[in-house]
Structures are given as C-alpha cells and as structure tokens.
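Here is query.csv, consisting of CSV, C-alpha atoms:
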```
chain,number,residue,atom,x,y,z
A,1,MET,CA,0.0,0.0,0.0
A,2,THR,CA,1.4,3.4,-1.0
A,3,PRO,CA,2.1,5.6,2.0
A,4,ARG,CA,-0.2,8.6,2.2
A,5,LEU,CA,1.6,12.0,2.1
A,6,GLU,CA,-0.1,15.2,3.1
A,7,VAL,CA,0.7,18.8,3.9
A,8,ARG,CA,-1.2,20.3,6.8
A,9,PRO,CA,-1.0,23.4,9.2
A,10,PHE,CA,0.9,23.1,12.4
A,11,ALA,CA,-1.3,21.9,15.3
A,12,GLN,CA,-1.0,21.9,19.0
A,13,GLY,CA,1.1,18.9,19.9
A,14,ASP,CA,3.5,19.1,16.9
A,15,LEU,CA,6.3,20.9,18.7
A,16,ASP,CA,8.2,17.7,19.7
A,17,ALA,CA,8.1,16.6,16.1
A,18,LEU,CA,9.7,19.9,15.0
A,19,TYR,CA,12.5,19.4,17.4
A,20,ARG,CA,13.1,15.9,16.2
A,21,ILE,CA,13.0,16.7,12.5
A,22,CYS,CA,15.3,19.7,13.0
A,23,VAL,CA,18.1,17.7,14.6
A,24,GLN,CA,17.6,14.8,12.2
A,25,THR,CA,18.4,17.1,9.3
A,26,MET,CA,21.0,19.2,11.0
A,27,ASP,CA,24.1,17.6,9.6
A,28,ALA,CA,23.9,19.1,6.1
A,29,GLY,CA,20.6,17.4,5.6
A,30,HIS,CA,21.5,14.2,7.6
A,31,ASP,CA,20.8,13.0,11.1
A,32,ALA,CA,22.8,14.8,13.8
A,33,THR,CA,21.1,13.4,16.8
A,34,ALA,CA,24.2,11.5,18.0
A,35,LEU,CA,26.3,14.6,17.6
A,36,PHE,CA,24.5,16.5,20.4
A,37,ALA,CA,24.4,15.9,24.1
A,38,ASP,CA,21.1,17.9,24.0
A,39,PRO,CA,19.4,17.1,20.7
A,40,GLN,CA,16.8,19.8,21.3
A,41,LEU,CA,19.3,22.6,21.0
A,42,PRO,CA,19.0,23.0,17.1
A,43,GLY,CA,15.2,23.2,17.3
A,44,ALA,CA,15.4,25.7,20.1
A,45,PHE,CA,17.1,28.1,17.7
A,46,TYR,CA,15.9,27.1,14.2
A,47,ALA,CA,12.3,25.9,14.8
A,48,ALA,CA,10.5,26.4,18.1
A,49,PRO,CA,10.6,30.2,18.4
A,50,TYR,CA,8.8,30.5,15.0
A,51,VAL,CA,5.8,28.4,16.0
A,52,VAL,CA,5.6,29.9,19.5
A,53,LYS,CA,5.5,33.4,18.0
A,54,ASP,CA,3.4,32.7,14.9
A,55,PRO,CA,2.1,29.1,14.5
A,56,ALA,CA,0.1,30.0,11.4
A,57,LEU,CA,3.4,30.3,9.5
A,58,CYS,CA,4.3,26.6,9.9
A,59,LEU,CA,3.2,23.8,7.6
A,60,LEU,CA,4.0,20.1,8.1
A,61,ALA,CA,4.5,17.3,5.7
A,62,CYS,CA,3.1,14.0,7.1
A,63,LEU,CA,3.6,10.5,5.9
A,64,ASP,CA,0.7,8.2,7.0
A,65,GLY,CA,0.0,10.9,9.7
A,66,GLN,CA,3.5,11.1,11.0
A,67,PRO,CA,5.3,14.5,10.7
A,68,CYS,CA,8.4,14.1,8.5
A,69,GLY,CA,9.1,17.6,7.3
A,70,TYR,CA,8.2,21.2,7.8
A,71,VAL,CA,8.5,24.8,6.5
A,72,LEU,CA,8.3,27.7,9.0
A,73,GLY,CA,9.4,31.2,9.2
A,74,THR,CA,8.4,34.8,9.6
A,75,ASP,CA,7.1,37.7,7.4
A,76,ASP,CA,9.2,40.2,9.2
A,77,SER,CA,12.8,39.3,10.2
A,78,VAL,CA,13.5,42.5,12.1
A,79,ALA,CA,10.3,42.1,14.2
A,80,PHE,CA,11.1,38.5,14.8
A,81,ARG,CA,14.5,39.3,16.1
A,82,GLU,CA,13.1,41.9,18.5
A,83,TRP,CA,10.5,39.4,19.8
A,84,CYS,CA,13.1,36.7,20.3
A,85,GLU,CA,15.3,39.1,22.4
A,86,VAL,CA,12.4,39.8,24.7
A,87,SER,CA,10.4,36.6,24.7
A,88,TRP,CA,12.5,33.7,23.7
A,89,PHE,CA,16.3,33.9,24.2
A,90,PRO,CA,16.5,35.3,27.8
A,91,SER,CA,15.3,32.0,29.4
A,92,LEU,CA,17.4,29.9,27.0
A,93,ARG,CA,20.5,31.9,27.8
A,94,ARG,CA,19.9,31.4,31.6
A,95,ARG,CA,19.5,27.7,31.0
A,96,HIS,CA,22.5,27.4,28.8
A,97,PRO,CA,25.4,29.7,29.9
A,98,MET,CA,28.0,30.7,27.4
A,99,PRO,CA,30.5,27.8,27.0
A,100,VAL,CA,34.2,28.2,27.5
A,101,GLU,CA,36.2,29.2,24.4
A,102,GLN,CA,37.9,25.8,24.3
A,103,ASP,CA,34.6,23.9,24.0
A,104,SER,CA,34.3,22.9,20.3
A,105,SER,CA,31.3,20.6,20.7
A,106,ARG,CA,28.2,20.9,18.6
A,107,ASP,CA,26.2,21.8,21.7
A,108,ALA,CA,28.6,24.7,22.4
A,109,ALA,CA,28.3,26.0,18.8
A,110,MET,CA,24.5,26.1,19.1
A,111,ILE,CA,24.7,27.7,22.6
A,112,ARG,CA,26.9,30.4,21.1
A,113,LEU,CA,24.3,31.0,18.4
A,114,ILE,CA,21.6,31.3,21.1
A,115,HIS,CA,23.7,33.9,22.9
A,116,ALA,CA,24.4,35.8,19.7
A,117,GLY,CA,20.7,35.8,18.8
A,118,TYR,CA,19.2,36.3,15.3
A,119,GLN,CA,21.0,38.9,13.3
A,120,PRO,CA,19.1,39.9,10.1
A,121,HIS,CA,21.7,40.4,7.4
A,122,PRO,CA,21.8,44.0,6.1
A,123,ASP,CA,22.2,42.7,2.5
A,124,LEU,CA,18.8,41.0,2.7
A,125,ALA,CA,16.7,43.9,3.9
A,126,ALA,CA,14.7,43.9,0.7
A,127,TYR,CA,13.6,40.3,1.5
A,128,PRO,CA,12.0,40.8,4.9
A,129,GLY,CA,10.6,37.3,5.3
A,130,HIS,CA,12.7,34.3,5.9
A,131,LEU,CA,12.1,30.6,6.1
A,132,HIS,CA,13.5,27.3,7.2
A,133,ILE,CA,12.5,24.0,5.5
A,134,ASP,CA,13.6,20.6,6.6
A,135,LEU,CA,12.6,17.2,5.1
A,136,LEU,CA,13.5,13.7,6.3
A,137,PRO,CA,14.7,11.4,3.5
A,138,CYS,CA,11.4,9.5,3.4
A,139,THR,CA,9.8,12.6,1.9
A,140,GLN,CA,12.4,13.6,-0.6
A,141,GLY,CA,11.9,13.2,-4.3
A,142,ARG,CA,8.1,13.4,-3.9
A,143,GLY,CA,7.6,17.1,-4.7
A,144,VAL,CA,6.9,17.9,-1.1
A,145,GLY,CA,9.6,20.6,-0.8
A,146,ARG,CA,8.1,22.4,-3.7
A,147,GLN,CA,4.6,22.1,-2.3
A,148,LEU,CA,5.7,23.4,1.1
A,149,ILE,CA,7.6,26.4,-0.3
A,150,SER,CA,4.6,27.3,-2.6
A,151,ALA,CA,2.1,27.1,0.2
A,152,PHE,CA,4.4,29.1,2.5
A,153,SER,CA,4.9,31.7,-0.1
A,154,ASP,CA,1.2,32.1,-0.5
A,155,LEU,CA,0.9,32.7,3.3
A,156,LEU,CA,3.5,35.4,3.1
A,157,ARG,CA,1.8,37.0,0.1
A,158,SER,CA,-1.5,37.1,2.0
A,159,ARG,CA,0.2,39.2,4.6
A,160,GLY,CA,1.7,41.6,2.1
A,161,CYS,CA,5.3,40.4,2.5
A,162,PRO,CA,7.1,41.3,-0.7
A,163,ALA,CA,10.0,38.9,-0.7
A,164,VAL,CA,11.5,36.0,1.3
A,165,HIS,CA,15.0,34.8,1.9
A,166,LEU,CA,16.8,31.8,3.4
A,167,GLY,CA,20.3,30.7,4.2
A,168,VAL,CA,21.9,27.4,3.3
A,169,SER,CA,25.2,25.8,4.2
A,170,GLU,CA,27.7,25.4,1.4
A,171,ALA,CA,28.2,21.9,2.7
A,172,ASN,CA,24.7,21.0,1.3
A,173,PRO,CA,24.9,21.5,-2.5
A,174,GLY,CA,21.8,19.4,-3.0
A,175,ALA,CA,19.8,22.0,-1.0
A,176,CYS,CA,21.3,24.8,-3.0
A,177,ALA,CA,20.3,23.1,-6.3
A,178,PHE,CA,16.8,22.5,-4.9
A,179,TYR,CA,16.3,26.2,-4.0
A,180,GLU,CA,17.4,27.3,-7.4
A,181,LYS,CA,15.0,24.8,-9.0
A,182,VAL,CA,12.0,26.1,-7.1
A,183,GLY,CA,12.6,29.8,-8.1
A,184,PHE,CA,15.1,31.2,-5.5
A,185,GLU,CA,18.0,33.3,-6.8
A,186,LEU,CA,21.4,33.5,-5.3
A,187,LEU,CA,21.7,36.8,-3.4
A,188,GLY,CA,25.1,36.4,-1.9
A,189,LYS,CA,27.9,34.1,-0.8
A,190,TYR,CA,29.3,34.4,2.7
A,191,PRO,CA,31.8,32.3,4.8
A,192,GLY,CA,30.3,28.8,5.0
A,193,TRP,CA,26.8,29.7,3.7
A,194,ARG,CA,24.8,31.2,0.8
A,195,ALA,CA,21.7,33.4,0.8
A,196,TYR,CA,18.9,32.8,-1.6
A,197,GLY,CA,15.8,35.0,-2.2
A,198,ARG,CA,12.5,35.0,-4.0
A,199,ILE,CA,10.3,37.9,-4.9
A,200,LEU,CA,6.7,37.3,-3.9
A,201,VAL,CA,4.9,40.4,-5.0
A,202,SER,CA,5.6,41.9,-8.4
```
Represent the structure from my file as structure tokens, please.
Amino acid sequence: MTPRLEVRPFAQGDLDALYRICVQTMDAGHDATALFADPQLPGAFYAAPYVVKDPALCLLACLDGQPCGYVLGTDDSVAFREWCEVSWFPSLRRRHPMPVEQDSSRDAAMIRLIHAGYQPHPDLAAYPGHLHIDLLPCTQGRGVGRQLISAFSDLLRSRGCPAVHLGVSEANPGACAFYEKVGFELLGKYPGWRAYGRILVS
C-alpha cells in the first residue's frame, strides 16, 4: 500500500516533532542526533521560536499521519529578532550559559548562536521574510519541498510580504540546487553559507 503523504498546518502537539526533524536534518541534511548531548538545541534556535510566535506560518509534511518535514518562518525578520530578544532567548541563555572558548562541541556551537541571537543580514533587507525548511529522507523526491515552499509563499503574500530569503550551508549542495530549481535566486555568498531569495509580490 502506497504511504499517504499530506501537507497540513501546524497543530498543538506538533512541537516535539519539529525538534526531532530539526536535529535529524541538522548535519547538512543528515541526522545529527548523535552529535549533540542535548538534541533539542538545534530546534530551540531554528524551529521552536517561530511556532511559538506565529504558529500560522508553519506547515508540516506528514507520511501516514507522522510528521516528517516542515516549513516555517516569519514575514518580518526584524520584528522576529526583537520578539526573540524579549520573549525567547533570555530564558534559554539562563538555562545554557556561554560555553568556555575551548569547548568545540556541537552543543557549544549552538549555545553560542543562542547567545548571539538572530541577526538579520543587512544585505537581505529587501527580502523581509525568511524561512527554514527541513525534510526527512522519506519525503524527498516526492515534490513535497516544492509544495511546502509554494504554500508558505502564499501565506506570506496574503500578509503583504514582498519577498523572502533563506540561508543554506555550502556543505549542502543538494539543497542549493533545490532552492534554485524552485525559483530562488542566489543573493550572496558568505563564509560557509549562501543566501537565496525569492520575490513574492511583483
């Protein structure tokens, strides 16, 4: 029997699945669970704050009812940063003090990101929305990524957001190729990552 694949809005009770999918795609698209002492750290930065602030901007891909991918983000990166500094990062920073400089673990790297906070890149100001999309291998090659990006773009358009951007690691060339295929343009190359953007309102 062919597995049933569907895309649906975020629902109460999905947060644990977002944490799980985030870490399972954290190693350039591969499972990084074993690389973290605290496997919730990636999701605490890249997933959970978005749905806590604005759950309507999260869509899940489910295989036979089981969440196996998502797209989430914001229609205003500057406002999102301000919200995180007031409502999200303070408690995380208290729970996870800044690690010592000699700590090179993956946990330490994520904790340093949490202490640095979100920093909207000035080069991307004309693309005020941003998104994160993560898909487990079981969903890939089924057109799910394209479907999620299209639906998310429609949500941003309905809010009057003119353009959206995302960042992707240079260690993940497959993701770079995917974004270009679904209509994102390369906006800039930076140390270790690339920025892609898409105009939503002509």
Select, from A:Cys176, A:Pro55, A:Val7, A:Asp107, the residue with the minimum atom-to-atom distance to A:Val23, counting all atoms listed in the file. A:Asp107
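Distance check against A:Arg146 using only C-alpha atoms: of A:Gly183, A:Gly174, A:Gly29, A:Gly129, the minimum falls on A:Gly183.
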Separation of atom CA of A:Pro162 from atom CA of A:Leu200, in Å and rounded to one decimal: 5.1 Å
Within 8 Å of stretch 116-122 of chain A, which residues of stretch 12-110 of chain A show up? Give each one with its shortest atom-to-atom distance in Å (one decimal) and the two atoms involved, counting all atoms listed in the file, rows by chain then rising residue number, as JSON lines.
```
{"residue": "A:Ser77", "atom": "CA", "partner": "A:Pro120", "partner_atom": "CA", "distance": 6.3}
{"residue": "A:Val78", "atom": "CA", "partner": "A:Pro120", "partner_atom": "CA", "distance": 6.5}
{"residue": "A:Arg81", "atom": "CA", "partner": "A:Tyr118", "partner_atom": "CA", "distance": 5.6}
{"residue": "A:Cys84", "atom": "CA", "partner": "A:Gly117", "partner_atom": "CA", "distance": 7.8}
{"residue": "A:Glu85", "atom": "CA", "partner": "A:Gly117", "partner_atom": "CA", "distance": 7.3}
{"residue": "A:Phe89", "atom": "CA", "partner": "A:Gly117", "partner_atom": "CA", "distance": 7.2}
```
Pick from A:Ile111, A:Leu186, A:Ala44, A:Val144, whichever lies nearest to A:Gly69 using all atoms listed in the file: A:Val144
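Those residues that approach A:Asp16 to within 12 Å, counting all atoms listed in the file, are Phe10, Ala11, Gln12, Gly13, Asp14, Leu18, Tyr19, Arg20, Ile21, Cys22, Val23, Pro39, Gln40, Gly43, Ala44, Ala47, Ala48, Val51, Gln66, Pro67 and Cys68 of chain A; same-chain residues fewer than 2 positions away are not listed.
Checking A:Tyr46, A:Tyr196, A:Tyr127, A:Phe152 one by one against A:Val71, counting all atoms listed in the file, you find the shortest gap at A:Phe152.
Picture a line from atom CA of A:Leu156 to atom CA of A:Ser202; it runs 13.4 Å.
In terms of minimum interatomic distance to A:Pro3, A:Arg142 ranks closest within A:Arg159, A:Arg194, A:Arg142, A:His165, counting all atoms listed in the file.
For the choices A:Leu148, A:Val182, A:Leu92, A:Leu187, the atom-to-atom distance to A:Ala126 is smallest for A:Leu187 when using only C-alpha atoms.
Atom CA of A:Ala61 lies 23.9 Å from atom CA of A:Ile199.
The environment of A:Asp76 within 8 Å, counting all atoms listed in the file and disregarding residues fewer than 4 places along the same chain, consists of A:Phe80, A:Pro128, A:Gly129, A:His130, A:Cys161.
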Which residues are near A:Tyr50? Cut-off 7 Å, all atoms listed in the file, ignore same chain within fewer than 3 positions. Put them as a PyMOL selection string. chain A and resi 47+53-55+72-74
A:Gly141 environment, 12 Å, only C-alpha atoms, sequence neighbours closer than 6 positions dropped, as a VMD selection string: chain A and resid 135 147 174 178
Polymer residues at most 12 Å from A:Val100, all atoms listed in the file, same-chain spacing of 4 or more positions, as a list in words: His96, Ser104, Ser105, Asp107, Ala108, Ala109, Ile111 and Arg112 of chain A
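Near (1.3, 24.4, 9.9), the residues inside the 7 Å limit, counting only C-alpha atoms, come to Arg8, Pro9, Phe10, Ala11, Pro55, Ala56, Leu57, Cys58, Leu59 and Leu60 of chain A.
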